[in-house]
file data13.cif (mmCIF, C-alpha atoms)
data_run
loop_
_atom_site.label_atom_id
_atom_site.label_comp_id
_atom_site.auth_asym_id
_atom_site.auth_seq_id
_atom_site.Cartn_x
_atom_site.Cartn_y
_atom_site.Cartn_z
CA MET C 1421 -5.09 -46.75 41.35
CA GLU C 1422 -3.84 -46.44 37.76
CA GLU C 1423 -7.40 -45.90 36.51
CA GLN C 1424 -7.89 -43.10 39.06
CA ILE C 1425 -4.70 -41.40 37.89
CA MET C 1426 -5.80 -41.65 34.27
CA GLU C 1427 -9.21 -40.18 35.11
CA ARG C 1428 -7.60 -37.32 37.05
CA LEU C 1429 -5.26 -36.53 34.14
CA TYR C 1430 -8.23 -36.57 31.77
CA VAL C 1431 -10.00 -33.99 33.94
CA LEU C 1432 -6.89 -31.82 34.22
CA GLU C 1433 -6.00 -31.98 30.53
CA THR C 1434 -9.52 -31.22 29.33
CA SER C 1435 -9.90 -28.38 31.83
CA LEU C 1436 -6.91 -26.66 30.22
CA LEU C 1437 -8.96 -26.41 27.03
CA LYS C 1438 -11.79 -24.53 28.78
CA GLY C 1439 -12.01 -20.76 28.86
CA GLU C 1440 -12.57 -20.48 32.62
CA VAL C 1441 -9.23 -22.21 33.25
CA ARG C 1442 -7.31 -20.63 30.36
CA LYS C 1443 -8.30 -17.15 31.59
CA SER C 1444 -7.36 -17.82 35.24
CA VAL C 1445 -3.76 -17.07 36.18
CA GLU C 1446 -4.40 -18.70 39.57
CA LYS C 1447 -5.66 -21.98 38.08
CA LEU C 1448 -2.95 -22.10 35.43
CA ASN C 1449 -0.28 -21.38 38.03
CA LYS C 1450 -1.40 -24.38 40.10
CA MET C 1451 -1.57 -26.72 37.10
CA LEU C 1452 1.77 -25.85 35.51
CA ALA C 1453 5.06 -26.82 37.14
CA GLU C 1454 7.59 -24.07 37.78
CA ASP C 1455 9.89 -25.50 35.09
CA PHE C 1456 7.06 -25.94 32.56
CA MET C 1457 8.00 -25.80 28.86
CA GLU C 1458 5.89 -25.94 25.72
CA PHE C 1459 6.91 -26.62 22.13
CA ALA C 1460 3.95 -24.99 20.40
CA SER C 1461 2.46 -26.05 17.08
CA ASP C 1462 3.67 -22.74 15.59
CA GLY C 1463 7.28 -23.71 16.37
CA LYS C 1464 7.69 -21.34 19.31
CA ILE C 1465 8.92 -22.34 22.75
CA TYR C 1466 7.06 -21.07 25.80
CA ASP C 1467 7.77 -21.20 29.53
CA LYS C 1468 5.37 -20.90 32.45
CA GLU C 1469 5.75 -17.13 32.75
CA ASN C 1470 4.80 -16.66 29.11
CA ILE C 1471 1.74 -18.91 29.44
CA LEU C 1472 0.54 -17.09 32.57
CA THR C 1473 0.87 -13.76 30.76
CA ARG C 1474 -0.45 -14.77 27.34
CA LEU C 1475 -3.24 -17.33 27.78
CA PRO C 1476 -5.58 -15.29 30.00
CA LYS C 1477 -5.63 -12.53 27.35
CA GLU C 1478 -6.52 -14.82 24.44
CA ASP C 1479 -10.01 -15.20 23.04
CA ASP C 1480 -11.55 -18.67 23.12
CA PRO C 1481 -10.06 -20.38 20.05
CA GLY C 1482 -12.85 -22.97 19.82
CA ILE C 1483 -11.02 -26.18 20.66
CA VAL C 1484 -12.56 -29.54 19.78
CA TRP C 1485 -10.58 -32.48 21.07
CA SER C 1486 -10.58 -36.28 20.67
CA ASN C 1487 -8.64 -39.50 21.12
CA PHE C 1488 -7.40 -38.88 24.67
CA GLU C 1489 -4.95 -41.46 26.02
CA ALA C 1490 -2.86 -41.55 29.17
CA LYS C 1491 0.16 -43.72 29.92
CA ILE C 1492 1.63 -44.04 33.39
CA LEU C 1493 5.42 -43.83 32.99
CA SER C 1494 6.26 -44.15 36.69
CA PRO C 1495 4.38 -43.72 39.98
CA THR C 1496 4.97 -39.95 39.70
CA THR C 1497 5.04 -39.33 35.92
CA ALA C 1498 2.52 -39.74 33.11
CA LEU C 1499 2.14 -38.95 29.42
CA THR C 1500 -1.13 -37.80 27.86
CA THR C 1501 -1.83 -37.62 24.14
CA PHE C 1502 -4.82 -36.37 22.17
CA LYS C 1503 -5.87 -34.61 18.98
CA ILE C 1504 -7.42 -31.17 18.65
CA PHE C 1505 -9.11 -29.04 16.05
CA ILE C 1506 -8.85 -25.28 16.58
CA GLN C 1507 -11.90 -23.75 14.97
CA SER C 1508 -10.56 -20.17 14.89
CA LYS C 1509 -7.50 -21.28 12.90
CA ASN C 1510 -9.09 -24.22 11.07
CA THR C 1511 -6.10 -26.37 12.07
CA TYR C 1512 -5.63 -29.87 13.41
CA SER C 1513 -2.81 -30.88 15.73
CA LEU C 1514 -1.51 -33.77 17.75
CA ARG C 1515 -0.89 -32.91 21.41
CA SER C 1516 1.18 -34.52 24.14
CA SER C 1517 1.82 -33.56 27.74
CA VAL C 1518 4.06 -34.86 30.49
CA TRP C 1519 2.56 -34.67 33.97
CA LYS C 1520 4.46 -35.05 37.25
CA TRP C 1521 3.22 -35.55 40.80
CA ASN C 1522 4.50 -32.47 42.69
CA ASP C 1523 3.63 -31.50 46.25
CA GLY C 1524 0.47 -33.60 46.40
CA ARG C 1525 -0.94 -32.74 42.95
CA TRP C 1526 -0.39 -33.44 39.27
CA GLN C 1527 1.30 -30.63 37.35
CA MET C 1528 2.13 -30.34 33.67
CA VAL C 1529 5.88 -30.07 33.08
CA PHE C 1530 5.91 -30.30 29.28
CA HIS C 1531 3.46 -29.86 26.41
CA GLN C 1532 3.90 -30.16 22.65
CA GLY C 1533 1.60 -29.44 19.73
CA THR C 1534 2.36 -30.74 16.25
CA LEU C 1535 0.31 -29.57 13.28
CA THR C 1536 -1.21 -32.27 11.13
CA GLU C 1537 -3.12 -32.15 7.86
CA GLU C 1538 -6.37 -33.58 9.11
CA LYS C 1539 -8.22 -35.15 12.00
CA SER C 1540 -7.22 -38.77 11.20
#
call {"tool": "encode", "arguments": {"input": "data13.cif", "output": "structure tokens"}}
result
Amino acid sequence: MEEQIMERLYVLETSLLKGEVRKSVEKLNKMLAEDFMEFASDGKIYDKENILTRLPKEDDPGIVWSNFEAKILSPTTALTTFKIFIQSKNTYSLRSSVWKWNDGRWQMVFHQGTLTEEKS
């Protein structure tokens, strides 16, 4: 069961890096919890409404990701971590997300990006 959850979170997390999901208000709305909050790598704080308005308008930033890990925190909560390189900005960051089982599906409730000097 735990392996299935980790695989599902991998699929969800990586889909959020793809243009067809990032540009879809409908898909984003289903994946983000109503009380979603993000601490962005630029130091700004975003809520779900902002993400639904902003992300679909953005150009593909060219995201390359690595080192995905998932930790089950409880039967209904998990933490994912990974690293990304954003080609359009030439920046590396560490990423973490908290996922919660809501109404029969996993939804992201929190996400944080922290800039780092390099890929390491």
call {"tool": "resolve_selection", "arguments": {"input": "data13.cif", "expression": "the PyMOL selection byres ((chain C and resi 1491-1504) around 9)", "output": "number ranges by chain"}}
result
C: 1422, 1425-1426, 1429-1430, 1433, 1483-1490, 1505-1506, 1511-1522, 1526, 1539-1540
call {"tool": "write_last_selection", "arguments": {"input": "data13.cif", "atoms": "C-alpha atoms", "output": "tab-separated table (two decimals), in the frame of the given file"}}
result
chain	number	residue	atom	x	y	z
C	1422	GLU	CA	-3.84	-46.44	37.76
C	1425	ILE	CA	-4.70	-41.40	37.89
C	1426	MET	CA	-5.80	-41.65	34.27
C	1429	LEU	CA	-5.26	-36.53	34.14
C	1430	TYR	CA	-8.23	-36.57	31.77
C	1433	GLU	CA	-6.00	-31.98	30.53
C	1483	ILE	CA	-11.02	-26.18	20.66
C	1484	VAL	CA	-12.56	-29.54	19.78
C	1485	TRP	CA	-10.58	-32.48	21.07
C	1486	SER	CA	-10.58	-36.28	20.67
C	1487	ASN	CA	-8.64	-39.50	21.12
C	1488	PHE	CA	-7.40	-38.88	24.67
C	1489	GLU	CA	-4.95	-41.46	26.02
C	1490	ALA	CA	-2.86	-41.55	29.17
C	1505	PHE	CA	-9.11	-29.04	16.05
C	1506	ILE	CA	-8.85	-25.28	16.58
C	1511	THR	CA	-6.10	-26.37	12.07
C	1512	TYR	CA	-5.63	-29.87	13.41
C	1513	SER	CA	-2.81	-30.88	15.73
C	1514	LEU	CA	-1.51	-33.77	17.75
C	1515	ARG	CA	-0.89	-32.91	21.41
C	1516	SER	CA	1.18	-34.52	24.14
C	1517	SER	CA	1.82	-33.56	27.74
C	1518	VAL	CA	4.06	-34.86	30.49
C	1519	TRP	CA	2.56	-34.67	33.97
C	1520	LYS	CA	4.46	-35.05	37.25
C	1521	TRP	CA	3.22	-35.55	40.80
C	1522	ASN	CA	4.50	-32.47	42.69
C	1526	TRP	CA	-0.39	-33.44	39.27
C	1539	LYS	CA	-8.22	-35.15	12.00
C	1540	SER	CA	-7.22	-38.77	11.20
call {"tool": "closest_residue", "arguments": {"input": "data13.cif", "among": "C:Asp1467, C:Lys1509, C:Leu1432, C:Leu1475", "to": "Ala1453 (chain C)", "atoms": "all atoms listed in the file"}}
result
C:Asp1467
call {"tool": "atom_distance", "arguments": {"input": "data13.cif", "atom1": "CA of Ser1461 (chain C)", "atom2": "CA of Gln1532 (chain C)"}}
result
7.1 Å
call {"tool": "closest_residue", "arguments": {"input": "data13.cif", "among": "C:Met1421, C:Val1445, C:Leu1535, C:Met1528", "to": "Ala1460 (chain C)", "atoms": "only C-alpha atoms"}}
result
C:Leu1535
call {"tool": "residues_near_point", "arguments": {"input": "data13.cif", "point": "(5.9, -21.9, 26.5)", "cutoff": "12 Å", "atoms": "all atoms listed in the file", "output": "ChimeraX atom specification"}}
result
/C:1452-1475,1528-1533
call {"tool": "closest_residue", "arguments": {"input": "data13.cif", "among": "C:Lys1443, C:Arg1428, C:Lys1438, C:Lys1450", "to": "Asp1523 (chain C)", "atoms": "all atoms listed in the file"}}
result
C:Lys1450
call {"tool": "atom_distance", "arguments": {"input": "data13.cif", "atom1": "CA of Glu1440 (chain C)", "atom2": "CA of Glu1478 (chain C)"}}
result
11.6 Å
call {"tool": "closest_residue", "arguments": {"input": "data13.cif", "among": "C:Glu1427, C:Glu1537, C:Gln1507, C:Pro1481", "to": "Arg1442 (chain C)", "atoms": "all atoms listed in the file"}}
result
C:Pro1481
call {"tool": "axis_aligned_box", "arguments": {"input": "data13.cif", "around": "region 1511-1520 of chain C", "padding_each_side": "3 Å", "output": "JSON"}}
result
{"center_x": -0.8, "center_y": -30.7, "center_z": 24.7, "size_x": 16.6, "size_y": 14.7, "size_z": 31.2}
call {"tool": "residues_around", "arguments": {"input": "data13.cif", "residues": "Val1441 (chain C)", "least_positions_apart": "5", "cutoff": "10 Å", "atoms": "only C-alpha atoms", "output": "compact mmCIF listing (two decimals) with C-alpha atoms, in the coordinates of the input"}}
result
# COMPACT_ATOMS: atom_id res chain seq x y z
CA LEU C 1432 -6.89 -31.82 34.22
CA THR C 1434 -9.52 -31.22 29.33
CA SER C 1435 -9.90 -28.38 31.83
CA LEU C 1436 -6.91 -26.66 30.22
CA GLU C 1446 -4.40 -18.70 39.57
CA LYS C 1447 -5.66 -21.98 38.08
CA LEU C 1448 -2.95 -22.10 35.43
CA MET C 1451 -1.57 -26.72 37.10
CA LEU C 1475 -3.24 -17.33 27.78
CA PRO C 1476 -5.58 -15.29 30.00
call {"tool": "closest_residue", "arguments": {"input": "data13.cif", "among": "C:Gln1424, C:Asn1449, C:Ser1508, C:Ser1444", "to": "Asp1479 (chain C)", "atoms": "all atoms listed in the file"}}
result
C:Ser1508
call {"tool": "closest_residue", "arguments": {"input": "data13.cif", "among": "C:Thr1534, C:Gly1482, C:Leu1437, C:Arg1525", "to": "Asn1510 (chain C)", "atoms": "all atoms listed in the file"}}
result
C:Gly1482
